[in-house]
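Structure file input39.txt; described as compact mmCIF, C-alpha atoms.
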# COMPACT_ATOMS: atom_id res chain seq x y z
CA MET A 1 62.30 83.42 126.44
CA SER A 2 61.40 80.59 124.23
CA PRO A 3 60.81 81.71 120.69
CA VAL A 4 57.92 79.22 120.64
CA ASN A 5 56.21 80.95 123.55
CA ASP A 6 56.44 84.45 122.16
CA PRO A 7 53.93 84.06 119.39
CA GLU A 8 51.64 82.28 121.87
CA SER A 9 51.87 85.06 124.43
CA ASP A 10 51.48 87.59 121.61
CA LEU A 11 48.49 85.69 120.42
CA THR A 12 47.06 85.62 123.92
CA ARG A 13 47.61 89.35 124.38
CA LYS A 14 46.12 89.95 120.98
CA GLU A 15 43.29 87.64 121.83
CA ARG A 16 42.74 89.43 125.11
CA ARG A 17 42.79 92.81 123.40
CA GLU A 18 40.32 91.54 120.84
CA GLN A 19 38.16 90.03 123.51
CA ALA A 20 38.23 93.27 125.49
CA ARG A 21 37.41 95.20 122.35
CA ALA A 22 34.65 92.78 121.54
CA GLN A 23 33.27 93.09 125.03
CA ARG A 24 33.41 96.86 124.89
CA LYS A 25 31.75 96.74 121.51
CA ALA A 26 29.14 94.36 122.84
CA VAL A 27 28.46 96.61 125.82
CA GLU A 28 28.28 99.66 123.55
CA GLU A 29 26.01 97.85 121.16
CA ALA A 30 23.84 96.59 123.99
CA GLU A 31 23.60 100.15 125.36
CA ALA A 32 22.87 101.52 121.91
CA GLY A 33 20.30 98.76 121.43
CA GLN A 34 18.68 99.58 124.75
CA ALA A 35 18.63 103.28 123.90
CA ALA A 36 17.09 102.51 120.51
CA GLN A 37 14.57 100.21 122.16
CA ARG A 38 13.66 102.92 124.69
CA LYS A 39 13.25 105.38 121.82
CA ARG A 40 11.03 102.94 119.95
CA LEU A 41 8.89 102.29 123.02
CA ILE A 42 8.47 106.04 123.51
CA GLN A 43 7.51 106.41 119.84
CA LEU A 44 5.05 103.51 120.12
CA GLY A 45 3.53 105.08 123.23
CA GLY A 46 3.29 108.42 121.43
CA VAL A 47 1.56 106.88 118.43
CA ALA A 48 -0.86 104.95 120.67
CA ALA A 49 -1.64 108.11 122.67
CA VAL A 50 -2.30 110.16 119.51
CA VAL A 51 -4.59 107.42 118.13
CA VAL A 52 -6.50 107.23 121.43
CA VAL A 53 -6.98 111.02 121.42
CA ILE A 54 -8.19 111.00 117.79
CA ILE A 55 -10.64 108.16 118.44
CA ALA A 56 -11.91 109.95 121.56
CA ILE A 57 -12.49 113.09 119.46
CA ILE A 58 -14.36 111.04 116.82
CA LEU A 59 -16.48 109.41 119.54
CA ILE A 60 -17.35 112.78 121.05
CA ALA A 61 -17.97 114.37 117.65
CA THR A 62 -20.30 111.59 116.53
CA GLY A 63 -21.86 111.60 120.00
CA SER A 64 -24.71 109.26 120.66
CA GLY A 65 -24.99 109.19 116.89
CA SER A 66 -28.66 109.87 116.95
CA LYS A 67 -29.55 111.40 113.65
CA ASN A 68 -32.12 113.91 114.66
CA ALA A 69 -34.77 114.80 112.20
CA PRO A 70 -34.01 118.17 110.65
CA ALA A 71 -35.85 121.24 111.80
CA PRO A 72 -38.65 122.27 109.38
CA LYS A 73 -36.84 125.27 107.90
CA SER A 74 -33.33 123.81 108.00
CA ALA A 75 -31.24 123.26 104.86
CA ALA A 76 -31.62 119.48 105.20
CA ALA A 77 -35.41 119.77 105.46
CA ASN A 78 -35.55 122.13 102.48
CA SER A 79 -33.41 119.74 100.46
CA ALA A 80 -35.70 116.80 101.36
CA LEU A 81 -38.75 118.86 100.47
CA ALA A 82 -37.26 119.82 97.09
CA THR A 83 -36.51 116.15 96.30
CA VAL A 84 -39.95 114.95 97.37
CA THR A 85 -41.79 117.74 95.57
CA LYS A 86 -39.90 117.08 92.34
CA MET A 87 -40.75 113.39 92.62
CA LEU A 88 -44.46 113.71 93.45
CA GLN A 89 -45.53 116.93 91.75
CA GLY A 90 -48.21 116.34 89.14
CA ILE A 91 -48.95 112.75 90.14
CA PRO A 92 -52.54 112.21 91.31
CA GLN A 93 -53.04 111.16 94.93
CA LYS A 94 -56.10 109.89 96.70
CA ALA A 95 -55.97 108.96 100.39
CA ASN A 96 -53.00 106.59 100.70
CA VAL A 97 -52.78 105.86 96.96
CA LEU A 98 -50.31 107.48 94.62
CA GLY A 99 -50.90 107.40 90.89
CA ASN A 100 -53.52 107.02 88.26
CA PRO A 101 -56.61 105.44 89.93
CA ASN A 102 -57.12 103.40 86.76
CA ALA A 103 -53.54 102.15 86.54
CA PRO A 104 -53.46 98.53 85.30
CA VAL A 105 -51.08 97.36 88.03
CA THR A 106 -51.17 97.96 91.80
CA MET A 107 -48.39 97.63 94.33
CA GLN A 108 -49.07 97.77 98.04
CA TYR A 109 -46.12 98.89 100.13
CA PHE A 110 -46.23 97.82 103.77
CA GLY A 111 -43.91 99.96 105.83
CA ASP A 112 -43.10 101.37 109.21
CA LEU A 113 -42.25 105.06 109.01
CA GLU A 114 -39.39 104.60 111.49
CA CYS A 115 -37.92 101.56 109.67
CA PRO A 116 -34.45 102.27 108.23
CA TYR A 117 -34.80 99.59 105.51
CA CYS A 118 -38.02 101.25 104.37
CA ARG A 119 -36.15 104.53 104.26
CA GLN A 120 -33.40 102.93 102.21
CA PHE A 121 -35.95 101.51 99.76
CA THR A 122 -37.96 104.73 99.63
CA VAL A 123 -34.94 106.93 99.04
CA THR A 124 -32.98 104.73 96.62
CA THR A 125 -35.38 102.49 94.69
CA LEU A 126 -38.86 103.95 94.90
CA PRO A 127 -38.02 107.14 92.94
CA THR A 128 -37.17 105.02 89.88
CA ILE A 129 -40.43 103.06 90.18
CA ILE A 130 -42.43 106.27 90.61
CA GLN A 131 -40.74 107.96 87.68
CA LYS A 132 -41.01 105.00 85.33
CA TYR A 133 -44.36 103.46 86.19
CA VAL A 134 -46.43 105.69 88.49
CA ARG A 135 -45.86 108.94 86.65
CA THR A 136 -46.68 107.22 83.36
CA GLY A 137 -49.98 105.91 84.75
CA LYS A 138 -49.06 102.23 84.58
CA LEU A 139 -48.84 101.60 88.32
CA LYS A 140 -50.54 102.86 91.44
CA LEU A 141 -48.84 102.63 94.80
CA GLU A 142 -50.77 102.06 97.98
CA TYR A 143 -49.07 102.67 101.30
CA ASN A 144 -50.03 100.41 104.18
CA SER A 145 -48.65 100.29 107.67
CA MET A 146 -46.94 97.46 109.50
CA GLU A 147 -45.34 97.93 112.88
CA THR A 148 -41.72 96.76 112.98
CA ALA A 149 -39.06 99.31 113.87
CA THR A 150 -41.26 101.56 116.03
CA LYS A 151 -41.02 100.07 119.50
CA ASP A 152 -43.91 101.96 121.12
CA PRO A 153 -47.28 100.91 119.61
CA GLU A 154 -48.82 104.24 120.63
CA VAL A 155 -46.13 106.21 118.78
CA PHE A 156 -46.59 103.93 115.78
CA ARG A 157 -50.33 104.59 115.78
CA THR A 158 -49.90 108.34 116.22
CA GLN A 159 -47.36 108.78 113.43
CA GLN A 160 -49.26 106.51 111.04
CA ILE A 161 -52.57 108.29 111.71
CA ALA A 162 -50.75 111.59 111.10
CA ALA A 163 -49.68 110.28 107.68
CA TYR A 164 -53.11 108.89 106.78
CA ALA A 165 -54.78 112.10 107.97
CA ALA A 166 -52.78 114.03 105.37
CA GLY A 167 -54.51 111.70 102.90
CA LYS A 168 -57.79 113.37 103.65
CA GLN A 169 -56.40 116.29 101.65
CA ASN A 170 -54.84 113.81 99.19
CA LEU A 171 -51.37 114.65 100.43
CA ALA A 172 -50.49 111.48 102.38
CA TRP A 173 -47.59 110.59 100.06
CA TYR A 174 -45.94 113.94 100.72
CA PHE A 175 -46.12 113.24 104.45
CA ILE A 176 -44.85 109.66 104.02
CA GLU A 177 -41.98 110.62 101.71
CA LEU A 178 -40.93 113.53 103.91
CA PHE A 179 -41.02 111.26 106.97
CA TYR A 180 -38.70 108.77 105.31
CA HIS A 181 -36.38 111.40 103.84
CA GLU A 182 -36.00 113.11 107.21
CA GLN A 183 -36.12 109.96 109.31
CA GLY A 184 -34.18 110.07 112.60
CA GLU A 185 -32.07 107.38 114.18
CA GLU A 186 -33.97 104.29 115.33
CA ASP A 187 -34.91 104.03 119.01
CA THR A 188 -34.09 107.62 119.83
CA GLY A 189 -37.64 108.76 120.47
CA TYR A 190 -37.39 111.52 117.90
CA VAL A 191 -41.03 111.20 116.86
CA THR A 192 -42.74 113.74 119.03
CA GLU A 193 -45.80 115.87 118.46
CA SER A 194 -43.63 118.80 117.41
CA TYR A 195 -41.78 116.54 114.95
CA LEU A 196 -45.08 115.49 113.35
CA GLN A 197 -46.29 119.09 113.31
CA GLY A 198 -43.02 120.12 111.69
CA LEU A 199 -43.43 117.51 108.94
CA ALA A 200 -47.04 118.54 108.34
CA ALA A 201 -45.95 122.18 108.07
CA GLN A 202 -43.58 121.14 105.28
CA VAL A 203 -46.23 119.36 103.18
CA PRO A 204 -47.01 121.75 100.32
CA GLY A 205 -50.61 122.94 100.49
CA LEU A 206 -51.60 120.99 103.60
CA LYS A 207 -54.16 122.85 105.68
CA LEU A 208 -52.95 122.26 109.20
CA SER A 209 -56.25 122.78 110.99
CA GLU A 210 -58.02 120.26 108.74
CA TRP A 211 -55.16 117.84 109.16
CA SER A 212 -55.30 118.14 112.95
CA GLU A 213 -59.01 117.50 112.87
CA ALA A 214 -58.61 114.50 110.58
CA ARG A 215 -56.17 112.91 113.04
CA ASN A 216 -59.17 112.28 115.33
CA ASP A 217 -61.03 110.39 112.63
CA PRO A 218 -61.43 106.78 113.89
CA ALA A 219 -61.30 105.57 110.29
CA TYR A 220 -57.51 105.90 110.29
CA ALA A 221 -57.07 103.96 113.53
CA ASN A 222 -59.26 101.25 111.98
CA GLN A 223 -57.17 101.31 108.83
CA ILE A 224 -54.06 100.52 110.88
CA VAL A 225 -55.84 97.49 112.33
CA THR A 226 -56.85 96.37 108.84
CA ASP A 227 -53.27 96.85 107.62
CA ALA A 228 -51.96 94.67 110.45
CA GLN A 229 -54.47 91.94 109.58
CA ALA A 230 -53.46 92.06 105.91
CA ALA A 231 -49.77 91.84 106.87
CA THR A 232 -50.45 88.79 109.05
CA GLN A 233 -52.59 87.13 106.38
CA ASN A 234 -49.82 87.53 103.85
CA GLY A 235 -47.22 86.19 106.26
CA PHE A 236 -45.10 89.33 106.29
CA THR A 237 -42.31 89.20 108.83
CA GLY A 238 -40.60 92.52 108.19
CA THR A 239 -40.79 95.81 106.39
CA PRO A 240 -40.79 96.83 103.66
CA SER A 241 -43.09 94.10 102.30
CA PHE A 242 -45.05 94.19 99.07
CA LEU A 243 -48.13 92.92 97.33
CA LEU A 244 -48.24 93.22 93.57
CA GLY A 245 -50.68 92.35 90.83
CA LYS A 246 -53.23 93.43 88.29
CA SER A 247 -55.47 96.14 89.70
CA GLY A 248 -58.79 94.78 90.91
CA THR A 249 -57.48 91.25 91.40
CA THR A 250 -56.07 89.62 94.53
CA LEU A 251 -52.54 90.93 94.83
CA GLN A 252 -49.71 88.49 95.40
CA LYS A 253 -46.81 88.71 97.79
CA PHE A 254 -43.69 90.05 96.06
CA GLU A 255 -40.25 89.58 97.53
CA SER A 256 -37.46 91.46 95.83
CA ALA A 257 -33.89 90.17 95.70
CA SER A 258 -32.76 93.70 96.47
CA LEU A 259 -34.34 96.70 98.13
CA THR A 260 -31.73 99.09 96.83
CA GLU A 261 -32.02 98.14 93.17
CA ALA A 262 -35.06 98.87 91.05
CA GLY A 263 -34.34 96.00 88.62
CA PRO A 264 -36.31 93.22 90.36
CA PHE A 265 -39.29 95.57 90.89
CA GLU A 266 -39.21 96.69 87.28
CA ALA A 267 -39.12 93.08 86.04
CA ALA A 268 -42.08 92.13 88.25
CA ILE A 269 -44.11 95.20 87.19
CA GLU A 270 -43.33 94.59 83.51
CA LYS A 271 -44.50 91.00 83.92
CA GLN A 272 -47.82 92.21 85.35
CA LEU A 273 -48.21 94.79 82.60
CA LYS A 274 -47.76 92.10 79.95
CA ALA A 275 -49.98 89.55 81.70
CA MET B 1 10.70 84.79 111.89
CA SER B 2 12.95 86.51 109.36
CA SER B 3 12.18 90.08 108.45
CA ARG B 4 11.42 88.95 104.90
CA ALA B 5 8.90 86.34 106.07
CA LEU B 6 7.34 88.87 108.43
CA ARG B 7 7.06 91.44 105.68
CA ILE B 8 5.50 88.92 103.27
CA THR B 9 2.99 87.84 105.93
CA MET B 10 2.03 91.46 106.49
CA ILE B 11 1.73 92.12 102.74
CA VAL B 12 -0.58 89.10 102.38
CA LEU B 13 -2.73 90.40 105.25
CA GLY B 14 -2.71 93.88 103.70
CA VAL B 15 -3.91 92.45 100.38
CA ILE B 16 -6.73 90.58 102.16
CA GLY B 17 -7.73 93.80 103.92
CA LEU B 18 -7.52 95.71 100.66
CA GLY B 19 -9.82 93.15 99.01
CA ILE B 20 -12.41 93.47 101.78
CA ALA B 21 -12.26 97.28 101.78
CA SER B 22 -12.54 97.38 97.96
CA TYR B 23 -15.64 95.19 98.01
CA VAL B 24 -17.32 97.17 100.80
CA THR B 25 -16.49 100.47 99.06
CA TYR B 26 -17.95 99.12 95.81
CA VAL B 27 -21.10 98.01 97.64
CA HIS B 28 -21.41 101.46 99.19
CA TYR B 29 -21.19 103.36 95.92
CA ALA B 30 -23.18 100.84 93.85
CA GLY B 31 -26.00 100.92 96.43
CA ILE B 32 -26.31 97.14 96.39
CA LYS B 33 -26.76 94.74 99.29
CA PRO B 34 -23.51 93.23 100.55
CA ALA B 35 -23.23 89.45 100.55
CA CYS B 36 -23.95 88.62 104.17
CA THR B 37 -24.68 85.39 106.00
CA ALA B 38 -26.18 87.31 108.92
CA GLY B 39 -29.33 88.39 107.08
CA GLU B 40 -29.76 92.14 106.89
CA SER B 41 -27.02 92.95 109.41
CA CYS B 42 -24.49 94.09 106.80
CA THR B 43 -27.07 96.30 105.06
CA LYS B 44 -28.03 97.79 108.42
CA VAL B 45 -24.40 98.63 109.16
CA GLN B 46 -23.69 99.81 105.63
CA THR B 47 -26.65 102.16 105.54
CA SER B 48 -26.31 103.41 109.09
CA VAL B 49 -25.39 106.96 110.00
CA TYR B 50 -21.95 105.63 111.04
CA SER B 51 -21.12 104.36 107.56
CA GLU B 52 -19.79 107.83 106.80
CA LEU B 53 -17.55 110.14 108.77
CA ALA B 54 -17.66 113.81 107.85
CA GLY B 55 -19.33 112.79 104.59
CA VAL B 56 -16.60 110.29 103.66
CA PRO B 57 -17.62 106.61 103.58
CA VAL B 58 -15.64 104.68 106.21
CA ALA B 59 -15.26 101.90 103.63
CA LEU B 60 -13.30 104.32 101.43
CA MET B 61 -11.19 105.34 104.42
CA GLY B 62 -10.38 101.67 104.97
CA LEU B 63 -9.45 101.26 101.31
CA ILE B 64 -7.08 104.23 101.46
CA GLY B 65 -5.69 102.95 104.77
CA TYR B 66 -4.86 99.51 103.36
CA ILE B 67 -3.27 101.05 100.27
CA ALA B 68 -1.07 103.21 102.52
CA ILE B 69 -0.14 100.20 104.69
CA LEU B 70 0.81 98.17 101.61
CA ALA B 71 2.85 101.09 100.27
CA SER B 72 4.74 101.33 103.58
CA LEU B 73 5.47 97.60 103.37
CA LEU B 74 6.59 97.68 99.75
CA VAL B 75 9.13 100.51 100.05
CA PRO B 76 12.69 99.44 101.03
CA GLU B 77 12.69 98.42 104.68
CA GLY B 78 14.17 100.77 107.25
CA GLU B 79 13.41 102.43 110.57
CA THR B 80 11.23 105.05 108.85
CA SER B 81 9.18 102.58 106.80
CA ARG B 82 8.65 100.37 109.87
CA PHE B 83 7.52 103.42 111.83
CA ALA B 84 5.15 104.41 109.00
CA THR B 85 3.61 100.91 109.01
CA LEU B 86 3.29 101.13 112.79
CA VAL B 87 1.52 104.51 112.68
CA LEU B 88 -0.87 103.34 109.95
CA THR B 89 -1.73 100.01 111.57
CA VAL B 90 -2.13 101.42 115.08
CA GLY B 91 -4.36 104.12 113.59
CA GLY B 92 -6.26 101.49 111.59
CA PHE B 93 -6.65 99.34 114.68
CA GLY B 94 -7.99 102.28 116.69
CA PHE B 95 -10.46 103.16 113.96
CA SER B 96 -11.55 99.50 113.60
CA ALA B 97 -12.09 99.36 117.38
CA TYR B 98 -14.26 102.49 117.16
CA LEU B 99 -16.32 101.01 114.30
CA THR B 100 -16.76 97.69 116.11
CA TYR B 101 -17.92 99.62 119.19
CA ARG B 102 -20.49 101.42 117.01
CA GLU B 103 -21.66 98.13 115.52
CA LEU B 104 -22.13 96.53 118.93
CA PHE B 105 -23.50 99.42 120.96
CA SER B 106 -25.01 101.92 118.52
CA ILE B 107 -26.18 100.00 115.45
CA HIS B 108 -26.78 96.70 117.27
CA ALA B 109 -25.78 94.75 114.17
CA ILE B 110 -22.56 93.11 113.10
CA CYS B 111 -21.24 93.24 109.56
CA GLU B 112 -19.00 90.26 108.95
CA TRP B 113 -16.93 92.14 106.35
CA CYS B 114 -16.18 94.84 108.91
CA VAL B 115 -15.36 92.32 111.63
CA THR B 116 -13.02 90.40 109.29
CA SER B 117 -11.29 93.63 108.34
CA ALA B 118 -10.98 94.57 112.02
CA GLY B 119 -9.41 91.15 112.70
CA VAL B 120 -6.94 91.57 109.82
CA MET B 121 -6.07 95.06 111.06
CA THR B 122 -5.54 93.77 114.61
CA ILE B 123 -3.07 91.11 113.41
CA LEU B 124 -1.34 93.68 111.19
CA MET B 125 -1.04 96.05 114.14
CA LEU B 126 0.45 93.36 116.42
CA LEU B 127 2.92 92.29 113.74
CA SER B 128 3.93 95.86 112.97
CA VAL B 129 4.50 96.59 116.69
CA TRP B 130 6.69 93.50 116.92
CA ARG B 131 8.51 94.41 113.71
CA PHE B 132 9.08 97.97 114.86
CA LEU B 133 10.32 97.03 118.34
CA ARG B 134 12.76 94.40 117.15
CA GLY B 135 14.27 96.90 114.74
CA GLU B 136 17.16 95.96 112.47
CA ARG B 137 17.97 92.69 114.25
CA SER B 138 17.21 90.29 111.47
CA THR B 139 19.14 92.34 108.90
CA TYR B 140 22.41 92.66 110.84
CA GLU B 141 22.40 89.68 113.16
CA PRO B 142 24.04 87.16 110.79
CA GLN B 143 27.02 89.48 110.21
CA ARG B 144 27.50 90.47 113.88
CA SER B 145 26.93 87.15 115.61
CA GLY B 146 30.61 86.13 115.31
CA SER B 147 31.87 89.02 117.39
CA LEU B 148 29.26 88.70 120.10
CA ASP B 149 29.19 85.00 120.83
CA ALA B 150 31.84 82.42 121.60
CA GLN B 151 31.87 80.87 118.18
CA PRO B 152 34.13 77.94 117.19
CA THR B 153 37.41 79.66 116.35
CA PRO B 154 40.54 78.38 114.57
CA GLN B 155 42.80 79.02 117.61
CA VAL B 156 41.14 76.31 119.72
CA SER B 157 41.36 73.63 117.11
CA PRO B 158 45.16 72.85 116.86
CA HIS B 159 45.12 70.67 120.01
Go ahead and render the structure in this file as structure tokens.
Amino acid sequence: MSPVNDPESDLTRKERREQARAQRKAVEEAEAGQAAQRKRLIQLGGVAAVVVVIIAIILIATGSGSKNAPAPKSAAANSALATVTKMLQGIPQKANVLGNPNAPVTMQYFGDLECPYCRQFTVTTLPTIIQKYVRTGKLKLEYNSMETATKDPEVFRTQQIAAYAAGKQNLAWYFIELFYHEQGEEDTGYVTESYLQGLAAQVPGLKLSEWSEARNDPAYANQIVTDAQAATQNGFTGTPSFLLGKSGTTLQKFESASLTEAGPFEAAIEKQLKA
Amino acid sequence: MSSRALRITMIVLGVIGLGIASYVTYVHYAGIKPACTAGESCTKVQTSVYSELAGVPVALMGLIGYIAILASLLVPEGETSRFATLVLTVGGFGFSAYLTYRELFSIHAICEWCVTSAGVMTILMLLSVWRFLRGERSTYEPQRSGSLDAQPTPQVSPH
């Protein structure tokens, strides 16, 4: 019973108690940690599962994503028709030319009716040009074809002839604008005979029997060949492409910095008007 | 990595993502061509039918998503805020994966802004999973380490 040993043994007992407590605490903490970790893993799994389900729903809802052309009497088609009619009404048309035949400046627009960039240009930028320069008689717009987005040459020919044939009744620009406004998703084969018939039925004042007859006119097939030659001669590699200049002169290639802004087109047209 | 360093890294990534989403949203509403080294690819993606979901531009969704992620990172850190960041980034990652799938297999064009954002979101998601799973460790560890490990103690030293 050494008084020196007592504190040591007390200390050891105390130490042991503390160690035991610490161990218990460590075990408890480890268990609590494991439980928390399990809970977190379950939560993570739950979140991942919910996200997977939501993405699957989005994938199914957006489907193949093909944007089908609207049916002729649908709300979308009526809306497109209202926009196009408002834009073109009262502007003279002759064959594939829109605007005053004596306009001082001419712009040729080479496009593929199935080309999404052409659609973008036609829907966003062209209305400004039409409103500002074509409606005021300063510019005439000539639509020419160039095969780019349409993969099947026969489909390209058929749809382009359908557009030019509406020009026999001086309504080609209605057909062209409606085609672009209601354009379907690329490579989905949405351009069928019934699609073309549906578009024609929308064109205000188009006599369908005359239009059908005009589609057999070889002049339009020849025009497509001429368009292709002009596109090659001018070194066009994509659509939309443009030629611009004083009417009656040799038009020059015009490349815009932007297809979705009218600014560069306006500047180029203004330059021609002042020349 | 300390929780502070991890949080700062994630905030920096969130700000980068926010910048990208802001630019792409601006491009969408301004109707201008996005700056793109891959020719017309970005325009093709931006003007595709997939650029909107239920009429809402996906760029705007991304912008809102990054704002929410940053908000979850800027509030005082806790289990709830870490879970919120996790939910947002896992959701963002899933949505980015969907959009990248659409770019590759539906639009057949890649928009570098979208791919960069998807990359940022992937890193954010991985970091937020790590941050969520490791829990409070970095906050409490320095105070608890003494009781758990055999640390140098005064009682061994007298000899």
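Atom CA of Ala82 of chain A is positioned 14.1 Å from atom CA of Gly205 of chain A.
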Problem set entry | Å distance separating atom CA of Ala214 of chain A from atom CA of Ala163 of chain A, one decimal place | 10.3 Å
For this session: For Tyr220 of chain A, please output as a PyMOL selection string all residues within 12 Å (counting only C-alpha atoms; exclusion window: fewer than 6 positions along the same chain).
Result: chain A and resi 95-96+144-145+157-168+172+213-214+226-227
For this session: Name the closest residue to chain B among the candidates A:Trp211, A:Phe265, A:Tyr117, A:Phe242; distances are taken between atoms, counting all atoms listed in the file.
Result: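 Ranking A:Trp211, A:Phe265, A:Tyr117, A:Phe242 by distance to chain B, first place goes to A:Tyr117.
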Do me a favour and pick out the residues of chain A within 8 Å of chain B, using only C-alpha atoms, as a JSON list (two decimals) with C-alpha atoms, in the coordinates of the input.
[["chain", "number", "residue", "atom", "x", "y", "z"],
["A", 22, "ALA", "CA", 34.65, 92.78, 121.54],
["A", 23, "GLN", "CA", 33.27, 93.09, 125.03],
["A", 26, "ALA", "CA", 29.14, 94.36, 122.84],
["A", 37, "GLN", "CA", 14.57, 100.21, 122.16],
["A", 40, "ARG", "CA", 11.03, 102.94, 119.95],
["A", 41, "LEU", "CA", 8.89, 102.29, 123.02],
["A", 44, "LEU", "CA", 5.05, 103.51, 120.12],
["A", 47, "VAL", "CA", 1.56, 106.88, 118.43],
["A", 48, "ALA", "CA", -0.86, 104.95, 120.67],
["A", 51, "VAL", "CA", -4.59, 107.42, 118.13],
["A", 52, "VAL", "CA", -6.50, 107.23, 121.43],
["A", 55, "ILE", "CA", -10.64, 108.16, 118.44],
["A", 59, "LEU", "CA", -16.48, 109.41, 119.54],
["A", 64, "SER", "CA", -24.71, 109.26, 120.66],
["A", 65, "GLY", "CA", -24.99, 109.19, 116.89],
["A", 67, "LYS", "CA", -29.55, 111.40, 113.65],
["A", 116, "PRO", "CA", -34.45, 102.27, 108.23],
["A", 117, "TYR", "CA", -34.80, 99.59, 105.51],
["A", 120, "GLN", "CA", -33.40, 102.93, 102.21],
["A", 124, "THR", "CA", -32.98, 104.73, 96.62],
["A", 185, "GLU", "CA", -32.07, 107.38, 114.18],
["A", 258, "SER", "CA", -32.76, 93.70, 96.47],
["A", 259, "LEU", "CA", -34.34, 96.70, 98.13],
["A", 260, "THR", "CA", -31.73, 99.09, 96.83],
["A", 261, "GLU", "CA", -32.02, 98.14, 93.17]]
For this session: Find the distance between atom CA of Gln183 of chain A and atom CA of Gly198 of chain A and write it in Å to one decimal.
Result: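 Spanning atom CA of Gln183 of chain A to atom CA of Gly198 of chain A is a straight-line distance of 12.5 Å.
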Problem set entry | Answer as a ChimeraX atom specification, residues within 9 Å of (-45.3, 102.1, 88.3) using all atoms listed in the file | /A:99,103,105-107,128-141,266,269
For this session: Have a look at A:Ala221, A:Ala30, A:Leu208, A:Leu98 and name the one nearest to Leu126 of chain A; count only C-alpha atoms.
Result: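 Of A:Ala221, A:Ala30, A:Leu208, A:Leu98, the one nearest Leu126 of chain A is A:Leu98, counting only C-alpha atoms.
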Problem set entry | Polymer residues at most 12 Å from segment 245-256 of chain A, only C-alpha atoms, same-chain spacing of 5 or more positions, as a ChimeraX atom specification | /A:100-110,121,125,138-142,230-240,261-275 /B:33
